[in-house]
$ cat start26.pdb   # PDB, C-alpha atoms and all ligand atoms
MODEL        1
ATOM      1  CA  MET R  25       7.068 -13.799  22.789
ATOM      2  CA  LEU R  26       5.076 -11.734  20.279
ATOM      3  CA  HIS R  27       1.666 -12.624  18.942
ATOM      4  CA  VAL R  28      -0.104 -10.272  16.536
ATOM      5  CA  GLU R  29      -3.603 -11.047  15.320
ATOM      6  CA  ASN R  30      -5.400  -9.411  12.432
ATOM      7  CA  LEU R  31      -3.794  -6.073  13.047
ATOM      8  CA  THR R  32      -5.302  -3.281  10.976
ATOM      9  CA  LYS R  33      -4.559   0.434  10.969
ATOM     10  CA  ARG R  34      -6.298   3.075   8.927
ATOM     11  CA  TYR R  35      -5.187   6.701   8.824
ATOM     12  CA  ASN R  36      -8.214   8.515   7.483
ATOM     13  CA  GLY R  37      -8.256   7.146   3.946
ATOM     14  CA  THR R  38      -4.977   5.207   4.029
ATOM     15  CA  LEU R  39      -4.932   1.549   4.947
ATOM     16  CA  ALA R  40      -1.425   1.374   6.441
ATOM     17  CA  VAL R  41      -1.630  -2.097   8.008
ATOM     18  CA  ASP R  42      -3.975  -4.686   6.601
ATOM     19  CA  ARG R  43      -5.003  -7.706   8.749
ATOM     20  CA  LEU R  44      -1.459  -8.527   9.706
ATOM     21  CA  ASN R  45      -0.650 -11.716  11.625
ATOM     22  CA  MET R  46       2.756 -12.338  13.100
ATOM     23  CA  ASP R  47       4.306 -14.642  15.694
ATOM     24  CA  ILE R  48       7.803 -14.327  17.055
ATOM     25  CA  PRO R  49       8.985 -17.080  19.412
ATOM     26  CA  GLU R  50      11.406 -16.273  22.222
ATOM     27  CA  GLY R  51      15.018 -15.842  21.142
ATOM     28  CA  GLU R  52      14.190 -15.133  17.504
ATOM     29  CA  ILE R  53      15.630 -12.228  15.594
ATOM     30  CA  TYR R  54      12.818 -11.368  13.230
ATOM     31  CA  GLY R  55      13.630  -9.175  10.269
ATOM     32  CA  PHE R  56      10.712  -7.040   9.163
ATOM     33  CA  VAL R  57      11.369  -6.067   5.586
ATOM     34  CA  GLY R  58       9.516  -3.781   3.239
ATOM     35  CA  ALA R  59       9.871  -0.741   1.023
ATOM     36  CA  ASN R  60       9.310   2.757   2.373
ATOM     37  CA  GLY R  61       5.646   3.274   3.141
ATOM     38  CA  ALA R  62       4.949  -0.479   3.415
ATOM     39  CA  GLY R  63       3.711  -0.138   7.003
ATOM     40  CA  LYS R  64       6.708  -1.157   9.139
ATOM     41  CA  THR R  65       6.821   1.859  11.442
ATOM     42  CA  THR R  66       3.061   1.863  11.939
ATOM     43  CA  THR R  67       3.094  -1.832  12.879
ATOM     44  CA  MET R  68       6.016  -1.394  15.254
ATOM     45  CA  ARG R  69       4.532   1.635  16.975
ATOM     46  CA  ILE R  70       1.323  -0.287  17.553
ATOM     47  CA  ILE R  71       3.240  -3.275  18.921
ATOM     48  CA  ALA R  72       5.167  -0.934  21.218
ATOM     49  CA  GLY R  73       1.849   0.408  22.529
ATOM     50  CA  LEU R  74       2.442   3.919  21.183
ATOM     51  CA  LEU R  75      -0.313   3.940  18.620
ATOM     52  CA  ALA R  76      -3.826   2.532  18.781
ATOM     53  CA  PRO R  77      -4.775   0.122  15.992
ATOM     54  CA  SER R  78      -8.082   0.322  14.140
ATOM     55  CA  SER R  79      -8.587  -3.335  15.028
ATOM     56  CA  GLY R  80      -6.623  -6.420  15.983
ATOM     57  CA  LYS R  81      -4.737  -7.786  18.966
ATOM     58  CA  VAL R  82      -1.157  -7.731  20.176
ATOM     59  CA  PHE R  83       0.282  -9.867  22.994
ATOM     60  CA  ILE R  84       3.817  -9.665  24.296
ATOM     61  CA  GLY R  85       4.857 -12.473  26.615
ATOM     62  CA  GLY R  86       1.160 -13.281  26.917
ATOM     63  CA  ILE R  87       0.291  -9.755  28.065
ATOM     64  CA  ASP R  88      -2.313  -7.796  26.106
ATOM     65  CA  VAL R  89      -0.568  -4.623  24.922
ATOM     66  CA  PHE R  90      -3.757  -2.556  24.872
ATOM     67  CA  LYS R  91      -5.248  -3.824  28.138
ATOM     68  CA  GLU R  92      -2.067  -3.663  30.226
ATOM     69  CA  PRO R  93       0.070  -0.987  28.588
ATOM     70  CA  LEU R  94       2.151  -0.191  31.663
ATOM     71  CA  GLU R  95       2.934  -3.801  32.448
ATOM     72  CA  VAL R  96       3.962  -4.502  28.886
ATOM     73  CA  LYS R  97       6.319  -1.508  28.754
ATOM     74  CA  LYS R  98       8.547  -3.166  31.352
ATOM     75  CA  HIS R  99       9.260  -5.944  28.916
ATOM     76  CA  ILE R 100       9.898  -4.026  25.731
ATOM     77  CA  GLY R 101      12.599  -1.724  24.469
ATOM     78  CA  TYR R 102      11.625   0.455  21.527
ATOM     79  CA  MET R 103      14.044   2.275  19.285
ATOM     80  CA  PRO R 104      12.228   4.745  17.039
ATOM     81  CA  ASP R 105      13.245   5.555  13.488
ATOM     82  CA  PHE R 106      14.074   9.158  14.321
ATOM     83  CA  PHE R 107      16.264  10.825  16.853
ATOM     84  CA  GLY R 108      15.095  13.983  18.606
ATOM     85  CA  VAL R 109      17.093  17.086  19.418
ATOM     86  CA  TYR R 110      18.775  17.160  22.805
ATOM     87  CA  ASP R 111      20.355  20.523  23.380
ATOM     88  CA  ASP R 112      22.713  20.827  26.290
ATOM     89  CA  LEU R 113      22.502  17.188  27.297
ATOM     90  CA  LYS R 114      25.598  15.061  27.711
ATOM     91  CA  VAL R 115      25.586  11.385  26.793
ATOM     92  CA  TYR R 116      25.552  10.126  30.387
ATOM     93  CA  GLU R 117      22.880  12.699  31.375
ATOM     94  CA  TYR R 118      20.736  11.475  28.542
ATOM     95  CA  MET R 119      21.044   7.911  29.831
ATOM     96  CA  ASP R 120      20.349   9.053  33.412
ATOM     97  CA  PHE R 121      17.250  10.828  32.192
ATOM     98  CA  TYR R 122      15.828   7.673  30.638
ATOM     99  CA  ALA R 123      16.837   5.578  33.634
ATOM    100  CA  GLY R 124      14.845   8.037  35.740
ATOM    101  CA  LEU R 125      11.796   7.561  33.554
ATOM    102  CA  TYR R 126      11.923   3.866  34.340
ATOM    103  CA  GLY R 127      12.312   4.499  38.057
ATOM    104  CA  ILE R 128      15.892   3.266  38.186
ATOM    105  CA  SER R 129      17.807   4.790  41.117
ATOM    106  CA  LYS R 130      20.667   7.216  40.431
ATOM    107  CA  GLN R 131      23.082   4.866  42.121
ATOM    108  CA  LYS R 132      22.108   1.919  39.999
ATOM    109  CA  SER R 133      21.836   3.876  36.779
ATOM    110  CA  ARG R 134      25.516   4.880  36.786
ATOM    111  CA  GLY R 135      26.773   1.300  36.586
ATOM    112  CA  LEU R 136      24.057   0.454  34.103
ATOM    113  CA  THR R 137      24.911   3.426  31.884
ATOM    114  CA  ASP R 138      28.579   2.458  31.923
ATOM    115  CA  SER R 139      27.924  -1.084  30.802
ATOM    116  CA  LEU R 140      25.407  -0.050  28.153
ATOM    117  CA  LEU R 141      27.711   2.608  26.734
ATOM    118  CA  GLU R 142      30.387  -0.037  26.556
ATOM    119  CA  LEU R 143      28.045  -2.362  24.703
ATOM    120  CA  VAL R 144      27.285   0.306  22.093
ATOM    121  CA  ARG R 145      30.922   1.428  21.983
ATOM    122  CA  LEU R 146      30.343   4.931  23.282
ATOM    123  CA  THR R 147      32.349   4.814  26.500
ATOM    124  CA  ASN R 148      34.741   7.501  25.300
ATOM    125  CA  LYS R 149      31.793   9.780  24.445
ATOM    126  CA  LYS R 150      30.278   9.701  27.904
ATOM    127  CA  ASP R 151      30.930  13.409  28.531
ATOM    128  CA  ALA R 152      30.245  14.573  24.992
ATOM    129  CA  TYR R 153      27.120  16.578  24.195
ATOM    130  CA  VAL R 154      24.548  14.404  22.446
ATOM    131  CA  ASP R 155      24.155  16.886  19.620
ATOM    132  CA  THR R 156      27.848  16.600  18.734
ATOM    133  CA  LEU R 157      27.634  12.864  18.049
ATOM    134  CA  SER R 158      27.650  11.454  14.529
ATOM    135  CA  ARG R 159      24.471   9.878  13.212
ATOM    136  CA  GLY R 160      25.816   6.384  13.815
ATOM    137  CA  MET R 161      26.711   7.278  17.402
ATOM    138  CA  LYS R 162      23.296   8.809  18.013
ATOM    139  CA  GLN R 163      21.656   5.676  16.736
ATOM    140  CA  ARG R 164      23.809   3.546  19.032
ATOM    141  CA  LEU R 165      22.967   5.826  21.949
ATOM    142  CA  CYS R 166      19.312   5.458  21.107
ATOM    143  CA  LEU R 167      19.754   1.683  21.198
ATOM    144  CA  ALA R 168      21.510   1.902  24.588
ATOM    145  CA  ARG R 169      18.625   3.978  25.899
ATOM    146  CA  SER R 170      16.094   1.388  24.779
ATOM    147  CA  LEU R 171      17.978  -1.215  26.829
ATOM    148  CA  ILE R 172      18.075   0.728  30.104
ATOM    149  CA  HIS R 173      15.395  -1.366  31.845
ATOM    150  CA  ASP R 174      16.809  -4.654  30.544
ATOM    151  CA  PRO R 175      13.789  -5.584  28.400
ATOM    152  CA  GLU R 176      13.475  -9.095  26.932
ATOM    153  CA  PHE R 177      11.873  -7.921  23.707
ATOM    154  CA  LEU R 178      13.352  -5.238  21.468
ATOM    155  CA  ILE R 179      11.546  -3.377  18.721
ATOM    156  CA  LEU R 180      14.133  -1.671  16.541
ATOM    157  CA  ASP R 181      12.859   0.502  13.713
ATOM    158  CA  GLU R 182      15.513   0.706  10.997
ATOM    159  CA  PRO R 183      18.466   1.001  13.392
ATOM    160  CA  ALA R 184      20.941   1.015  10.515
ATOM    161  CA  SER R 185      19.167   3.460   8.227
ATOM    162  CA  GLY R 186      21.190   6.370   6.955
ATOM    163  CA  LEU R 187      24.466   4.923   8.203
ATOM    164  CA  ASP R 188      27.616   4.576   6.149
ATOM    165  CA  PRO R 189      28.881   1.018   5.529
ATOM    166  CA  ARG R 190      31.287   1.091   8.447
ATOM    167  CA  ALA R 191      28.668   2.323  10.897
ATOM    168  CA  ARG R 192      26.287  -0.328   9.597
ATOM    169  CA  VAL R 193      28.792  -3.056  10.337
ATOM    170  CA  GLU R 194      29.255  -1.676  13.854
ATOM    171  CA  MET R 195      25.499  -1.674  14.406
ATOM    172  CA  THR R 196      25.212  -5.253  13.138
ATOM    173  CA  GLU R 197      27.994  -6.363  15.491
ATOM    174  CA  ILE R 198      26.179  -4.820  18.449
ATOM    175  CA  LEU R 199      22.902  -6.454  17.438
ATOM    176  CA  LYS R 200      24.671  -9.817  17.247
ATOM    177  CA  GLU R 201      25.834  -9.261  20.796
ATOM    178  CA  LEU R 202      22.244  -8.617  21.860
ATOM    179  CA  ARG R 203      21.193 -11.777  20.077
ATOM    180  CA  SER R 204      23.783 -13.739  22.055
ATOM    181  CA  LEU R 205      22.394 -12.220  25.251
ATOM    182  CA  GLY R 206      19.133 -14.011  24.444
ATOM    183  CA  LYS R 207      16.999 -11.006  23.551
ATOM    184  CA  THR R 208      14.056 -11.486  21.218
ATOM    185  CA  ILE R 209      14.256  -8.823  18.536
ATOM    186  CA  LEU R 210      11.914  -7.400  15.922
ATOM    187  CA  ILE R 211      14.027  -5.316  13.573
ATOM    188  CA  SER R 212      12.958  -3.518  10.435
ATOM    189  CA  SER R 213      14.820  -2.512   7.324
ATOM    190  CA  HIS R 214      14.097  -1.696   3.724
ATOM    191  CA  ILE R 215      17.367  -3.407   2.802
ATOM    192  CA  LEU R 216      17.140  -7.166   2.804
ATOM    193  CA  HIS R 217      20.746  -8.257   2.859
ATOM    194  CA  GLU R 218      21.322  -6.175   5.945
ATOM    195  CA  LEU R 219      19.051  -8.561   7.839
ATOM    196  CA  SER R 220      19.727 -11.914   6.223
ATOM    197  CA  GLU R 221      22.963 -12.440   8.134
ATOM    198  CA  LEU R 222      21.619 -11.284  11.459
ATOM    199  CA  CYS R 223      18.105 -12.663  11.533
ATOM    200  CA  THR R 224      16.672 -16.097  12.185
ATOM    201  CA  SER R 225      13.363 -15.280  10.481
ATOM    202  CA  ILE R 226      12.114 -12.765   7.989
ATOM    203  CA  GLY R 227       8.701 -11.296   7.322
ATOM    204  CA  ILE R 228       8.063  -9.302   4.190
ATOM    205  CA  ILE R 229       5.484  -6.538   4.307
ATOM    206  CA  ASP R 230       4.053  -4.887   1.246
ATOM    207  CA  ALA R 231       1.228  -2.335   1.267
ATOM    208  CA  GLY R 232       0.374  -3.238   4.866
ATOM    209  CA  LYS R 233       0.160  -6.979   4.186
ATOM    210  CA  LEU R 234       2.588  -9.612   5.362
ATOM    211  CA  ILE R 235       3.209 -11.369   2.071
ATOM    212  CA  ALA R 236       5.779 -13.903   3.295
ATOM    213  CA  SER R 237       7.060 -15.029   6.644
ATOM    214  CA  GLY R 238       9.392 -17.782   7.773
ATOM    215  CA  SER R 239      13.023 -18.671   8.301
ATOM    216  CA  VAL R 240      15.440 -17.061   5.870
ATOM    217  CA  GLN R 241      15.888 -20.566   4.452
ATOM    218  CA  ASP R 242      12.130 -21.113   4.072
ATOM    219  CA  ILE R 243      11.654 -17.922   2.161
ATOM    220  CA  LEU R 244      14.478 -18.734  -0.197
ATOM    221  CA  GLU R 245      13.076 -22.234  -0.699
ATOM    222  CA  LYS R 246       9.668 -20.848  -1.531
ATOM    223  CA  MET R 247      11.343 -19.140  -4.399
ATOM    224  CA  SER R 248      13.622 -21.985  -5.433
ATOM    225  CA  HIS R 249      11.440 -22.922  -8.389
ATOM    226  CA  ALA R 250      12.220 -19.578  -9.932
ATOM    227  CA  ASN R 251      15.730 -19.423 -11.315
ATOM    228  CA  GLN R 252      17.983 -16.794 -12.639
ATOM    229  CA  VAL R 253      20.733 -17.878 -14.997
ATOM    230  CA  LYS R 254      23.650 -16.031 -16.531
ATOM    231  CA  ILE R 255      24.635 -17.431 -19.912
ATOM    232  CA  ARG R 256      27.791 -16.335 -21.700
ATOM    233  CA  VAL R 257      28.178 -17.059 -25.395
ATOM    234  CA  SER R 258      31.212 -16.435 -27.620
ATOM    235  CA  SER R 259      28.997 -15.526 -30.607
ATOM    236  CA  LYS R 260      25.427 -15.910 -31.957
ATOM    237  CA  GLU R 261      24.027 -13.889 -29.099
ATOM    238  CA  GLU R 262      20.940 -12.741 -31.023
ATOM    239  CA  GLU R 263      20.169 -16.245 -32.199
ATOM    240  CA  ALA R 264      20.540 -17.532 -28.642
ATOM    241  CA  VAL R 265      18.025 -14.953 -27.401
ATOM    242  CA  LYS R 266      15.559 -15.995 -30.124
ATOM    243  CA  ILE R 267      15.872 -19.647 -29.151
ATOM    244  CA  LEU R 268      15.410 -18.796 -25.474
ATOM    245  CA  MET R 269      12.259 -16.837 -26.255
ATOM    246  CA  GLU R 270      10.704 -19.965 -27.746
ATOM    247  CA  ILE R 271      11.267 -22.080 -24.646
ATOM    248  CA  PRO R 272       8.191 -22.315 -22.379
ATOM    249  CA  GLY R 273       8.621 -21.081 -18.817
ATOM    250  CA  ILE R 274      11.186 -18.456 -19.705
ATOM    251  CA  GLY R 275      10.422 -15.106 -18.141
ATOM    252  CA  SER R 276      12.523 -12.058 -18.794
ATOM    253  CA  ILE R 277      15.599 -12.122 -21.004
ATOM    254  CA  SER R 278      18.195  -9.389 -21.216
ATOM    255  CA  SER R 279      21.500  -9.503 -23.052
ATOM    256  CA  VAL R 280      24.555  -7.291 -23.002
ATOM    257  CA  VAL R 281      27.775  -8.005 -24.908
ATOM    258  CA  GLY R 282      27.703 -11.765 -24.902
ATOM    259  CA  VAL R 283      26.087 -12.204 -21.508
ATOM    260  CA  ILE R 284      22.426 -13.179 -21.386
ATOM    261  CA  ASP R 285      20.442 -12.968 -18.165
ATOM    262  CA  VAL R 286      17.432 -15.200 -18.052
ATOM    263  CA  ASN R 287      14.664 -15.652 -15.520
ATOM    264  CA  MET R 288      12.828 -18.927 -15.729
ATOM    265  CA  GLU R 289      10.471 -21.158 -13.845
ATOM    266  CA  GLY R 290      10.983 -24.831 -13.142
ATOM    267  CA  GLY R 291      14.101 -25.223 -10.995
ATOM    268  CA  ASP R 292      17.081 -27.390 -11.900
ATOM    269  CA  GLU R 293      15.220 -29.407 -14.512
ATOM    270  CA  ALA R 294      14.392 -26.272 -16.458
ATOM    271  CA  CYS R 295      18.061 -25.238 -16.340
ATOM    272  CA  VAL R 296      19.148 -28.565 -17.789
ATOM    273  CA  ARG R 297      16.546 -28.313 -20.544
ATOM    274  CA  VAL R 298      17.576 -24.791 -21.524
ATOM    275  CA  LEU R 299      21.282 -25.630 -21.654
ATOM    276  CA  LYS R 300      20.592 -28.764 -23.697
ATOM    277  CA  THR R 301      18.485 -26.807 -26.195
ATOM    278  CA  LEU R 302      21.149 -24.152 -26.677
ATOM    279  CA  VAL R 303      23.911 -26.685 -27.212
ATOM    280  CA  GLU R 304      21.798 -28.771 -29.595
ATOM    281  CA  ARG R 305      21.100 -25.647 -31.655
ATOM    282  CA  ASP R 306      24.855 -24.975 -31.955
ATOM    283  CA  ILE R 307      25.030 -21.936 -29.718
ATOM    284  CA  PRO R 308      28.626 -21.604 -28.474
ATOM    285  CA  VAL R 309      27.910 -21.518 -24.724
ATOM    286  CA  VAL R 310      31.017 -20.514 -22.780
ATOM    287  CA  SER R 311      29.400 -20.591 -19.373
ATOM    288  CA  PHE R 312      25.983 -21.275 -17.906
ATOM    289  CA  GLN R 313      25.684 -20.087 -14.379
ATOM    290  CA  PRO R 314      22.609 -20.271 -12.161
ATOM    291  CA  VAL R 315      22.530 -17.189  -9.959
ATOM    292  CA  GLU R 316      21.575 -17.916  -6.374
ATOM    293  CA  SER R 317      18.440 -16.054  -5.574
ATOM    294  CA  SER R 318      19.371 -13.356  -3.130
ATOM    295  CA  LEU R 319      16.795 -12.009  -0.736
ATOM    296  CA  GLU R 320      16.522  -8.991  -3.027
ATOM    297  CA  THR R 321      15.414 -11.181  -5.906
ATOM    298  CA  VAL R 322      13.004 -13.018  -3.648
ATOM    299  CA  PHE R 323      11.556  -9.726  -2.543
ATOM    300  CA  MET R 324      11.139  -8.484  -6.100
ATOM    301  CA  GLN R 325       9.453 -11.748  -7.070
ATOM    302  CA  LEU R 326       7.128 -11.734  -4.092
ATOM    303  CA  THR R 327       6.032  -8.139  -4.475
ATOM    304  CA  LYS R 328       5.678  -8.384  -8.241
ATOM    305  CA  GLY R 329       2.206  -7.493  -9.370
ATOM    306  CA  GLU R 330       1.100  -6.266  -5.975
ATOM    307  CA  GLU R 331       2.194  -2.706  -6.494
ATOM    308  CA  GLN R 332      -0.842  -1.356  -8.331
TER
HETATM  309  N1  LIG U   1       0.515   9.767  10.846
HETATM  310  C1  LIG U   1       0.120   9.353   9.638
HETATM  311  N2  LIG U   1      -0.963   9.897   9.038
HETATM  312  C2  LIG U   1      -1.376   9.467   7.822
HETATM  313  N3  LIG U   1      -0.786   8.512   7.126
HETATM  314  C3  LIG U   1       0.321   7.935   7.652
HETATM  315  C4  LIG U   1       0.832   8.331   8.935
HETATM  316  N4  LIG U   1       1.921   7.579   9.205
HETATM  317  C5  LIG U   1       2.092   6.754   8.143
HETATM  318  N5  LIG U   1       1.154   6.972   7.206
HETATM  319  C6  LIG U   1       0.987   6.224   5.939
HETATM  320  O1  LIG U   1       0.889   4.848   6.264
HETATM  321  C7  LIG U   1       1.634   4.061   5.349
HETATM  322  C8  LIG U   1       2.679   3.237   6.085
HETATM  323  O2  LIG U   1       3.685   4.094   6.625
HETATM  324  P1  LIG U   1       4.828   3.598   7.568
HETATM  325  O3  LIG U   1       4.246   2.725   8.615
HETATM  326  O4  LIG U   1       5.600   4.779   8.026
HETATM  327  O5  LIG U   1       5.717   2.702   6.579
HETATM  328  P2  LIG U   1       7.257   2.293   6.637
HETATM  329  O6  LIG U   1       7.731   2.439   8.040
HETATM  330  O7  LIG U   1       7.265   0.876   6.147
HETATM  331  O8  LIG U   1       7.979   3.202   5.697
HETATM  332  C9  LIG U   1       2.191   5.024   4.328
HETATM  333  O9  LIG U   1       1.335   5.066   3.249
HETATM  334  C10 LIG U   1       2.213   6.339   5.058
HETATM  335  O10 LIG U   1       2.112   7.412   4.162
HETATM  336 MG    MG U   2       9.392   3.445   8.766
ENDMDL
END

$ encode --input "start26.pdb" --output "structure tokens"
Amino acid sequence: MLHVENLTKRYNGTLAVDRLNMDIPEGEIYGFVGANGAGKTTTMRIIAGLLAPSSGKVFIGGIDVFKEPLEVKKHIGYMPDFFGVYDDLKVYEYMDFYAGLYGISKQKSRGLTDSLLELVRLTNKKDAYVDTLSRGMKQRLCLARSLIHDPEFLILDEPASGLDPRARVEMTEILKELRSLGKTILISSHILHELSELCTSIGIIDAGKLIASGSVQDILEKMSHANQVKIRVSSKEEEAVKILMEIPGIGSISSVVGVIDVNMEGGDEACVRVLKTLVERDIPVVSFQPVESSLETVFMQLTKGEEQ
């Protein structure tokens, strides 16, 4: 559905997107993850045809975004990362307005608005003024608006940002519904776990570069040779730390009241070796627990050393 080739964007001196390549097959929910300033919004605006790149190509459904901008707009729904001010506009008027922009007849737009407001759980706010809605509601309205022309491909820029936990859950539920409707979705976030449940694939962007891309599983596997272990000892904590420091392949060690957190390389075998060493040296190990690498850990590992 989406094919991005060597996309580069420079703003005067800043290299915001750096030779980025990305492919999203139909039906995928692709999570685009990166810290603030990593280049997510810039990339998404270019893909949506709203910003010209410095170089590179973007195809959506085989259509060249820069050569056939009008044609491509029929197929994409874009939800920006900000919400404008809409004085004196009621929710249904707002939807009608956008329907009009897409040449949808008044008659048709009413039914469409009703079903979209239902999808985003705003039916009871139909007659409310847009400016009176909560942030979560505005974001859901913005999503409904991006769906007005029934696009196959959605570009959602941090749809859950700034929402409280409850509103986040609501947004995720709605996005799952869109997934089940067969939409292909590119969704960004600076919070990994928000996407891991929803997405089929993840791409990690750092300083304009896509530093990892693949299924959630793939990305975790890439990191599986790096382990994090929590070791609890009943005494001899300092001695245990000293012993750990001598073992090759051990990264960072931190200890707080009998619990030692260790990062190490080498997968399961390394774990076995470390536990064996501690026991042989008479360290009273109460528990030895490998911590499953969360996407956060993966992200920290992958971006390590690339921040300079
Ligand atoms: N209009 C602009 N003019 C100059 N620099 C910009 C502009 N928009 C973004 N940038 C810079 O480009 C980089 C990427 O920004 P952005 O795409 O907004 O990242 P993200 O969405 O991941 O937070 C940042 O360094 C940002 O300061
Ligand atoms: Mg952004």

$ closest_atom_pairs --input "start26.pdb" --of "chain R" --to "ligand LIG 1 (chain U)" --cutoff "12 Å" --atoms "only C-alpha atoms and all ligand atoms" --output "tab-separated table"
residue	atom	partner	partner_atom	distance
R:Thr32	CA	U:LIG1	O1	11.3
R:Lys33	CA	U:LIG1	O1	8.4
R:Arg34	CA	U:LIG1	O1	7.9
R:Tyr35	CA	U:LIG1	C2	4.8
R:Asn36	CA	U:LIG1	C2	6.9
R:Gly37	CA	U:LIG1	C2	8.2
R:Thr38	CA	U:LIG1	N3	6.2
R:Leu39	CA	U:LIG1	O1	6.8
R:Ala40	CA	U:LIG1	O1	4.2
R:Val41	CA	U:LIG1	C8	7.1
R:Asp42	CA	U:LIG1	C8	10.4
R:Phe56	CA	U:LIG1	O7	9.1
R:Val57	CA	U:LIG1	O7	8.1
R:Gly58	CA	U:LIG1	O7	5.9
R:Ala59	CA	U:LIG1	O7	6.0
R:Asn60	CA	U:LIG1	O8	3.6
R:Gly61	CA	U:LIG1	O8	3.5
R:Ala62	CA	U:LIG1	O7	3.8
R:Gly63	CA	U:LIG1	O3	3.3
R:Lys64	CA	U:LIG1	O7	3.7
R:Thr65	CA	U:LIG1	O6	3.6
R:Thr66	CA	U:LIG1	O3	3.6
R:Thr67	CA	U:LIG1	O3	6.3
R:Met68	CA	U:LIG1	O3	8.0
R:Arg69	CA	U:LIG1	O3	8.4
R:Ile70	CA	U:LIG1	O3	9.9
R:Ile71	CA	U:LIG1	O3	12.0
R:Leu75	CA	U:LIG1	N1	9.8
R:Ala76	CA	U:LIG1	N1	11.6
R:Pro77	CA	U:LIG1	O3	11.9
R:Pro104	CA	U:LIG1	O6	10.3
R:Asp105	CA	U:LIG1	O6	8.4
R:Phe106	CA	U:LIG1	O6	11.2
R:Leu180	CA	U:LIG1	O6	11.4
R:Asp181	CA	U:LIG1	O6	7.9
R:Glu182	CA	U:LIG1	O6	8.5
R:Ser185	CA	U:LIG1	O8	11.5
R:Ile211	CA	U:LIG1	O6	11.4
R:Ser212	CA	U:LIG1	O6	8.3
R:Ser213	CA	U:LIG1	O7	8.4
R:His214	CA	U:LIG1	O7	7.7
R:Ile215	CA	U:LIG1	O7	11.5
R:Ile228	CA	U:LIG1	O7	10.4
R:Ile229	CA	U:LIG1	O7	7.8
R:Asp230	CA	U:LIG1	O7	8.2
R:Ala231	CA	U:LIG1	C8	7.5
R:Gly232	CA	U:LIG1	C8	7.0
R:Lys233	CA	U:LIG1	C8	10.7
R:Leu234	CA	U:LIG1	O7	11.5

$ write_last_selection --input "start26.pdb" --atoms "C-alpha atoms" --output "short mmCIF file (atom, residue, chain, number, x, y, z; two decimals), in the coordinates of the input"
data_model
loop_
_atom_site.label_atom_id
_atom_site.label_comp_id
_atom_site.auth_asym_id
_atom_site.auth_seq_id
_atom_site.Cartn_x
_atom_site.Cartn_y
_atom_site.Cartn_z
CA THR R 32 -5.30 -3.28 10.98
CA LYS R 33 -4.56 0.43 10.97
CA ARG R 34 -6.30 3.08 8.93
CA TYR R 35 -5.19 6.70 8.82
CA ASN R 36 -8.21 8.52 7.48
CA GLY R 37 -8.26 7.15 3.95
CA THR R 38 -4.98 5.21 4.03
CA LEU R 39 -4.93 1.55 4.95
CA ALA R 40 -1.42 1.37 6.44
CA VAL R 41 -1.63 -2.10 8.01
CA ASP R 42 -3.98 -4.69 6.60
CA PHE R 56 10.71 -7.04 9.16
CA VAL R 57 11.37 -6.07 5.59
CA GLY R 58 9.52 -3.78 3.24
CA ALA R 59 9.87 -0.74 1.02
CA ASN R 60 9.31 2.76 2.37
CA GLY R 61 5.65 3.27 3.14
CA ALA R 62 4.95 -0.48 3.42
CA GLY R 63 3.71 -0.14 7.00
CA LYS R 64 6.71 -1.16 9.14
CA THR R 65 6.82 1.86 11.44
CA THR R 66 3.06 1.86 11.94
CA THR R 67 3.09 -1.83 12.88
CA MET R 68 6.02 -1.39 15.25
CA ARG R 69 4.53 1.64 16.98
CA ILE R 70 1.32 -0.29 17.55
CA ILE R 71 3.24 -3.28 18.92
CA LEU R 75 -0.31 3.94 18.62
CA ALA R 76 -3.83 2.53 18.78
CA PRO R 77 -4.78 0.12 15.99
CA PRO R 104 12.23 4.74 17.04
CA ASP R 105 13.24 5.56 13.49
CA PHE R 106 14.07 9.16 14.32
CA LEU R 180 14.13 -1.67 16.54
CA ASP R 181 12.86 0.50 13.71
CA GLU R 182 15.51 0.71 11.00
CA SER R 185 19.17 3.46 8.23
CA ILE R 211 14.03 -5.32 13.57
CA SER R 212 12.96 -3.52 10.44
CA SER R 213 14.82 -2.51 7.32
CA HIS R 214 14.10 -1.70 3.72
CA ILE R 215 17.37 -3.41 2.80
CA ILE R 228 8.06 -9.30 4.19
CA ILE R 229 5.48 -6.54 4.31
CA ASP R 230 4.05 -4.89 1.25
CA ALA R 231 1.23 -2.34 1.27
CA GLY R 232 0.37 -3.24 4.87
CA LYS R 233 0.16 -6.98 4.19
CA LEU R 234 2.59 -9.61 5.36
#

$ resolve_selection --input "start26.pdb" --expression "the PyMOL selection byres (((chain R and resi 295) around 12) and not hetatm)" --output "PyMOL selection string"
chain R and resi 249-255+268+271-274+286-294+296-302+312-315

$ resolve_selection --input "start26.pdb" --expression "the PyMOL selection byres (((chain R and resi 83) around 8) and not hetatm)" --output "number ranges by chain"
R: 25-28, 81-82, 84-89

$ resolve_selection --input "start26.pdb" --expression "the PyMOL selection byres (((chain R and resi 52) around 12) and not hetatm)" --output "JSON, numbers by chain"
{"R": [25, 26, 47, 48, 49, 50, 51, 53, 54, 55, 176, 177, 178, 200, 202, 203, 204, 205, 206, 207, 208, 209, 210, 211, 222, 223, 224, 225, 226, 238, 239, 240]}

$ atom_distance --input "start26.pdb" --atom1 "atom CA of R:Gly160" --atom2 "atom CA of R:Gly124"
24.6 Å

$ closest_residue --input "start26.pdb" --among "R:Val154, R:Val96, R:Leu171, R:Leu146" --to "R:Ser133" --atoms "all atoms listed in the file"
R:Leu171

$ closest_residue --input "start26.pdb" --among "R:Ser259, R:Ile284, R:Met103, R:Gly73" --to "ligand MG 2 (chain U)" --atoms "only C-alpha atoms and all ligand atoms"
R:Met103

$ closest_residue --input "start26.pdb" --among "R:Leu199, R:Met161, R:Ala184, R:Ala264" --to "ligand MG 2 (chain U)" --atoms "only C-alpha atoms and all ligand atoms"
R:Ala184
